[in-house]
Amino acid sequence: MYRVTEAIKHLLIINVLFFVATQLYHDQMIELFSLWFPRNENFRLWQIVTHMFMHGGFMHIFFNMYALWAFGSPLEQMWGRNKFLFFYFSAGLGAALIHTGVGYYQFKEGLKALMHAGIKEEDIFALLREGKYNDYWYQVAPKGTIDNFLAAYIQPAVGASGAIYGVLVAFAMMFPNAELFLIFVPIPIKAKYFIPVLIGLDLFSGFTGYSLFGGGIAHFAHVGGALFGFIMMWYWKKNQFKNNRWN
């Protein structure tokens with residue numbers, strides 16, 4: 001059992017405080033600190049960071065914080081506090097970048113389809129700002145296009161999952177033969193196989209819209225965090241300071 005290292009401890013505390021505050025002041029916390037689409041009137045620049053401390057429910061924060069402790073602790077012990085925090089937040093920012101980029105593409109595709117059908121842009125935004133849409137939109141554009149268009153604008157991103165996926169990748173590269181257990185598969189699976197499969201499931205869900213773990217999951221944020229985590233690990237390994245501590 002890993003001890004709770006310094007950076008992990010403070011991240012856990014901040015996440016729990018945000019979660020408690022969200023239970024008490026739900027609408028205000030969601031509006032201020034979740035990551036909204038840049039063209040949404042609720043968007044604020046600080047949300048690029050604060051969304052990492054927001055969670056949608058108890059199970060969401062429980063699994064994220066468990067993964068943060070279980071996979072992050074050995075990394076912080078090897079790297080030191082500063083290097084771990086740099087890696088963690090870099091992966092989280094990368095996740096936000098990929099998630100927002102995909103959302104922007106999906107939004108533009110939906111907007112283009114609606115405007116091609118003769119609907120004025122100002123009329124579209126007038127409804128979106130009220131959190132509404134017109135059923136007619138589904139008659140002039142494919143359902144998937146409109147669903148993605150609405151989700152990109154209306155649904156904010158919350159959670160530390162993107163940063164944690166970066167941590168998972170780092171763990172798999174540092175401890176490839178560590179044996180992990182899936183809840184629904186009671187046999188040990190080595191990290192070097194487990195983590196790529198997990199990322200592959202997110203890629204599949206992101207492109208197909210079919211999720212094995214339910215709806216409302218920002219799959220491309222997971223993939224973005226994993227991608228940035230891999231890039232950092234690859235760069236550090238190439239430049240021979242993968243194991244150096246930043247004290």
# chains A, B, ... in the order shown; residues from 1 in each chain; ligands from 1
call {"tool": "residues_around", "arguments": {"residues": "Tyr165 of chain A", "least_positions_apart": "4", "cutoff": "8 Å", "atoms": "only C-alpha atoms", "output": "VMD selection string"}}
result
chain A and resid 91 161 169 222 to 223 225 to 226 229
call {"tool": "write_last_selection", "arguments": {"atoms": "N, CA, C and O atoms", "output": "short mmCIF file (atom, residue, chain, number, x, y, z; two decimals), in the first residue's frame"}}
result
data_model
loop_
_atom_site.label_atom_id
_atom_site.label_comp_id
_atom_site.auth_asym_id
_atom_site.auth_seq_id
_atom_site.Cartn_x
_atom_site.Cartn_y
_atom_site.Cartn_z
N ALA A 91 -0.83 17.10 -18.48
CA ALA A 91 -1.74 16.12 -19.06
C ALA A 91 -3.17 16.63 -19.00
O ALA A 91 -3.95 16.45 -19.95
N SER A 161 -10.23 13.20 -14.90
CA SER A 161 -9.93 11.99 -15.67
C SER A 161 -8.86 12.21 -16.73
O SER A 161 -8.04 11.32 -16.97
N VAL A 169 -0.79 6.39 -18.26
CA VAL A 169 0.21 6.12 -19.30
C VAL A 169 1.61 6.12 -18.71
O VAL A 169 2.43 5.24 -19.01
N HIS A 222 -10.09 11.97 -22.20
CA HIS A 222 -9.27 10.85 -21.74
C HIS A 222 -8.13 10.59 -22.72
O HIS A 222 -6.97 10.44 -22.34
N VAL A 223 -8.50 10.54 -24.01
CA VAL A 223 -7.50 10.27 -25.03
C VAL A 223 -6.46 11.39 -25.08
O VAL A 223 -5.25 11.15 -25.23
N GLY A 225 -5.50 13.39 -22.58
CA GLY A 225 -4.61 13.28 -21.43
C GLY A 225 -3.60 12.17 -21.63
O GLY A 225 -2.41 12.33 -21.30
N ALA A 226 -4.06 11.04 -22.18
CA ALA A 226 -3.15 9.92 -22.45
C ALA A 226 -2.11 10.30 -23.49
O ALA A 226 -0.92 9.97 -23.36
N GLY A 229 0.39 12.70 -22.00
CA GLY A 229 1.21 11.95 -21.06
C GLY A 229 2.26 11.12 -21.78
O GLY A 229 3.43 11.08 -21.36
#
call {"tool": "residues_around", "arguments": {"residues": "segment 143-151 of chain A", "least_positions_apart": "4", "cutoff": "6 Å", "atoms": "only C-alpha atoms", "output": "list of chain:residue names"}}
result
A:Gln106, A:Phe107, A:Gly110, A:Tyr138, A:Gln155
call {"tool": "write_last_selection", "arguments": {"atoms": "C-alpha atoms", "output": "PDB file, in the first residue's frame"}}
result
ATOM      1  CA  GLN A 106     -18.438  19.064 -33.926  1.00  0.00           C
ATOM      2  CA  PHE A 107     -19.989  22.450 -33.202  1.00  0.00           C
ATOM      3  CA  GLY A 110     -23.610  21.279 -36.784  1.00  0.00           C
ATOM      4  CA  TYR A 138     -33.267  17.283 -36.550  1.00  0.00           C
ATOM      5  CA  GLN A 155     -22.557  20.284 -21.733  1.00  0.00           C
TER       6      GLN A 155
END
call {"tool": "residues_around", "arguments": {"residues": "Glu31 of chain A", "least_positions_apart": "6", "cutoff": "9 Å", "atoms": "only C-alpha atoms", "output": "list of chain:residue names"}}
result
A:Asn42, A:Phe43, A:Pro156
call {"tool": "write_last_selection", "arguments": {"atoms": "N, CA and C atoms", "output": "compact mmCIF listing (two decimals), in the first residue's frame"}}
result
# COMPACT_ATOMS: atom_id res chain seq x y z
N ASN A 42 -20.87 31.17 -20.58
CA ASN A 42 -20.34 30.79 -19.26
C ASN A 42 -18.84 30.55 -19.26
N PHE A 43 -18.21 30.54 -20.43
CA PHE A 43 -16.79 30.21 -20.49
C PHE A 43 -15.95 31.28 -19.82
N PRO A 156 -20.89 21.12 -20.14
CA PRO A 156 -19.52 21.45 -19.72
C PRO A 156 -18.75 20.18 -19.34
call {"tool": "closest_residue", "arguments": {"among": "A:Val102, A:Met52, A:Ala191, A:Ile61", "to": "Gly206 of chain A", "atoms": "only C-alpha atoms"}}
result
A:Val102
call {"tool": "select_by_dssp", "arguments": {"residues": "segment 2-247 of chain A", "states": "helix (DSSP H, G or I)", "output": "VMD selection string"}}
result
chain A and resid 6 to 24 26 to 33 47 to 53 58 to 79 81 to 116 121 to 128 137 to 140 143 to 154 161 to 174 191 to 208 219 to 238
call {"tool": "residues_around", "arguments": {"residues": "segment 26-28 of chain A", "least_positions_apart": "6", "cutoff": "12 Å", "atoms": "only C-alpha atoms", "output": "ChimeraX atom specification"}}
result
/A:18-20,34,42,54-57
call {"tool": "write_last_selection", "arguments": {"atoms": "C-alpha atoms", "output": "mmCIF file, in the first residue's frame"}}
result
data_model
loop_
_atom_site.group_PDB
_atom_site.id
_atom_site.type_symbol
_atom_site.label_atom_id
_atom_site.label_comp_id
_atom_site.auth_asym_id
_atom_site.auth_seq_id
_atom_site.Cartn_x
_atom_site.Cartn_y
_atom_site.Cartn_z
ATOM 1 C CA PHE A 18 -14.592 21.365 -4.656
ATOM 2 C CA PHE A 19 -16.912 18.361 -4.497
ATOM 3 C CA VAL A 20 -18.422 19.461 -1.179
ATOM 4 C CA SER A 34 -16.610 23.615 -15.189
ATOM 5 C CA ASN A 42 -20.343 30.787 -19.264
ATOM 6 C CA MET A 54 -14.967 19.361 -10.497
ATOM 7 C CA HIS A 55 -16.840 16.049 -10.464
ATOM 8 C CA GLY A 56 -20.331 14.986 -11.412
ATOM 9 C CA GLY A 57 -21.097 12.602 -8.564
#
call {"tool": "closest_residue", "arguments": {"among": "A:Gly159, A:Gly92, A:Gly166, A:Gly200", "to": "Asn64 of chain A", "atoms": "only C-alpha atoms"}}
result
A:Gly159
call {"tool": "select_by_dssp", "arguments": {"residues": "segment 15-233 of chain A", "states": "strand (DSSP E)", "output": "tab-separated table (two decimals) with all heavy atoms, in the first residue's frame"}}
result
chain	number	residue	atom	x	y	z
A	179	GLU	N	1.02	-5.85	-12.25
A	179	GLU	CA	-0.22	-6.57	-12.55
A	179	GLU	C	-1.41	-5.84	-11.91
A	179	GLU	O	-1.42	-5.52	-10.73
A	179	GLU	CB	-0.14	-8.01	-12.04
A	179	GLU	CG	0.90	-8.82	-12.78
A	179	GLU	CD	0.90	-10.29	-12.38
A	179	GLU	OE1	0.44	-10.59	-11.27
A	179	GLU	OE2	1.34	-11.12	-13.19
A	180	LEU	N	-2.41	-5.57	-12.75
A	180	LEU	CA	-3.60	-4.84	-12.33
A	180	LEU	C	-4.81	-5.75	-12.48
A	180	LEU	O	-4.82	-6.69	-13.28
A	180	LEU	CB	-3.78	-3.58	-13.19
A	180	LEU	CG	-2.55	-2.68	-13.32
A	180	LEU	CD1	-2.82	-1.55	-14.31
A	180	LEU	CD2	-2.15	-2.11	-11.97
A	181	PHE	N	-5.87	-5.44	-11.74
A	181	PHE	CA	-7.10	-6.22	-11.80
A	181	PHE	C	-8.25	-5.34	-12.25
A	181	PHE	O	-8.45	-4.24	-11.73
A	181	PHE	CB	-7.44	-6.81	-10.41
A	181	PHE	CG	-6.60	-7.97	-10.02
A	181	PHE	CD1	-5.38	-7.77	-9.39
A	181	PHE	CD2	-7.02	-9.26	-10.28
A	181	PHE	CE1	-4.59	-8.84	-9.01
A	181	PHE	CE2	-6.24	-10.34	-9.90
A	181	PHE	CZ	-5.02	-10.14	-9.28
A	182	LEU	N	-9.01	-5.82	-13.23
A	182	LEU	CA	-10.28	-5.21	-13.59
A	182	LEU	C	-11.37	-5.76	-12.67
A	182	LEU	O	-11.35	-6.95	-12.32
A	182	LEU	CB	-10.65	-5.54	-15.05
A	182	LEU	CG	-9.90	-4.79	-16.14
A	182	LEU	CD1	-10.17	-5.44	-17.49
A	182	LEU	CD2	-10.31	-3.33	-16.18
A	185	VAL	N	-13.12	-8.49	-14.50
A	185	VAL	CA	-12.26	-9.57	-15.00
A	185	VAL	C	-11.29	-9.93	-13.88
A	185	VAL	O	-10.25	-9.29	-13.71
A	185	VAL	CB	-11.48	-9.14	-16.26
A	185	VAL	CG1	-10.64	-10.31	-16.78
A	185	VAL	CG2	-12.44	-8.67	-17.35
A	186	PRO	N	-11.61	-10.96	-13.10
A	186	PRO	CA	-10.82	-11.27	-11.89
A	186	PRO	C	-9.50	-11.99	-12.16
A	186	PRO	O	-9.17	-12.96	-11.51
A	186	PRO	CB	-11.78	-12.16	-11.10
A	186	PRO	CG	-12.56	-12.86	-12.15
A	186	PRO	CD	-12.75	-11.86	-13.27
A	187	ILE	N	-8.76	-11.49	-13.15
A	187	ILE	CA	-7.44	-12.05	-13.42
A	187	ILE	C	-6.46	-10.89	-13.58
A	187	ILE	O	-6.83	-9.82	-14.05
A	187	ILE	CB	-7.42	-12.93	-14.70
A	187	ILE	CG1	-7.91	-12.14	-15.91
A	187	ILE	CG2	-8.27	-14.18	-14.51
A	187	ILE	CD1	-7.79	-12.90	-17.23
A	188	PRO	N	-5.20	-11.09	-13.18
A	188	PRO	CA	-4.23	-9.99	-13.30
A	188	PRO	C	-3.88	-9.69	-14.75
A	188	PRO	O	-3.70	-10.60	-15.56
A	188	PRO	CB	-3.02	-10.51	-12.52
A	188	PRO	CG	-3.15	-12.00	-12.59
A	188	PRO	CD	-4.62	-12.29	-12.58
A	189	ILE	N	-3.79	-8.41	-15.08
A	189	ILE	CA	-3.41	-7.96	-16.41
A	189	ILE	C	-2.25	-6.97	-16.26
A	189	ILE	O	-2.34	-6.03	-15.47
A	189	ILE	CB	-4.59	-7.27	-17.14
A	189	ILE	CG1	-5.79	-8.21	-17.21
A	189	ILE	CG2	-4.17	-6.84	-18.54
A	189	ILE	CD1	-7.03	-7.55	-17.79
A	190	LYS	N	-1.19	-7.17	-16.99
A	190	LYS	CA	-0.04	-6.28	-16.89
A	190	LYS	C	-0.39	-4.88	-17.39
A	190	LYS	O	-1.16	-4.71	-18.33
A	190	LYS	CB	1.14	-6.85	-17.68
A	190	LYS	CG	1.72	-8.12	-17.06
A	190	LYS	CD	2.95	-8.58	-17.80
A	190	LYS	CE	3.55	-9.82	-17.10
A	190	LYS	NZ	4.76	-10.30	-17.79
call {"tool": "closest_residue", "arguments": {"among": "A:Ile231, A:Ala218, A:Gly72, A:Trp137", "to": "Leu11 of chain A", "atoms": "only C-alpha atoms"}}
result
A:Gly72
call {"tool": "closest_residue", "arguments": {"among": "A:Ala96, A:Ala70, A:Phe228, A:Trp46", "to": "Val158 of chain A", "atoms": "only C-alpha atoms"}}
result
A:Ala96
call {"tool": "decode", "arguments": {"residues": "segment 109-125 of chain A", "atoms": "N, CA, C and O atoms", "output": "compact mmCIF listing (two decimals), in the first residue's frame"}}
result
# COMPACT_ATOMS: atom_id res chain seq x y z
N GLU A 109 -19.48 21.74 -37.48
CA GLU A 109 -20.19 20.88 -38.42
C GLU A 109 -21.70 21.05 -38.26
O GLU A 109 -22.43 21.13 -39.24
N GLY A 110 -22.18 21.09 -37.02
CA GLY A 110 -23.61 21.28 -36.78
C GLY A 110 -24.08 22.65 -37.22
O GLY A 110 -25.15 22.79 -37.84
N LEU A 111 -23.31 23.67 -36.89
CA LEU A 111 -23.68 25.03 -37.27
C LEU A 111 -23.72 25.18 -38.78
O LEU A 111 -24.64 25.82 -39.33
N LYS A 112 -22.75 24.60 -39.45
CA LYS A 112 -22.72 24.68 -40.92
C LYS A 112 -23.94 23.99 -41.53
O LYS A 112 -24.54 24.52 -42.49
N ALA A 113 -24.32 22.84 -40.97
CA ALA A 113 -25.47 22.12 -41.50
C ALA A 113 -26.76 22.92 -41.31
O ALA A 113 -27.61 22.97 -42.21
N LEU A 114 -26.91 23.55 -40.16
CA LEU A 114 -28.12 24.34 -39.89
C LEU A 114 -28.17 25.59 -40.76
O LEU A 114 -29.24 25.95 -41.29
N MET A 115 -27.04 26.25 -40.92
CA MET A 115 -27.02 27.45 -41.75
C MET A 115 -27.22 27.10 -43.22
O MET A 115 -27.83 27.86 -43.97
N HIS A 116 -26.73 25.94 -43.63
CA HIS A 116 -26.96 25.48 -45.00
C HIS A 116 -28.44 25.25 -45.27
O HIS A 116 -28.91 25.40 -46.41
N ALA A 117 -29.19 24.91 -44.20
CA ALA A 117 -30.64 24.71 -44.32
C ALA A 117 -31.42 26.02 -44.28
O ALA A 117 -32.65 26.02 -44.34
N GLY A 118 -30.69 27.14 -44.17
CA GLY A 118 -31.34 28.44 -44.23
C GLY A 118 -31.63 29.06 -42.88
O GLY A 118 -32.31 30.09 -42.80
N ILE A 119 -31.14 28.47 -41.80
CA ILE A 119 -31.38 29.01 -40.46
C ILE A 119 -30.28 30.02 -40.15
O ILE A 119 -29.09 29.75 -40.33
N LYS A 120 -30.67 31.18 -39.69
CA LYS A 120 -29.71 32.24 -39.41
C LYS A 120 -28.90 31.94 -38.15
O LYS A 120 -29.42 31.41 -37.17
N GLU A 121 -27.62 32.32 -38.20
CA GLU A 121 -26.73 32.06 -37.07
C GLU A 121 -27.22 32.74 -35.79
O GLU A 121 -27.17 32.14 -34.71
N GLU A 122 -27.71 33.98 -35.91
CA GLU A 122 -28.17 34.68 -34.71
C GLU A 122 -29.39 34.00 -34.07
O GLU A 122 -29.54 34.01 -32.85
N ASP A 123 -30.23 33.38 -34.91
CA ASP A 123 -31.39 32.65 -34.37
C ASP A 123 -30.96 31.38 -33.65
O ASP A 123 -31.54 30.99 -32.63
N ILE A 124 -29.94 30.74 -34.20
CA ILE A 124 -29.40 29.52 -33.56
C ILE A 124 -28.83 29.86 -32.19
O ILE A 124 -29.15 29.20 -31.19
N PHE A 125 -28.01 30.91 -32.13
CA PHE A 125 -27.38 31.28 -30.86
C PHE A 125 -28.39 31.82 -29.85
O PHE A 125 -28.21 31.66 -28.65
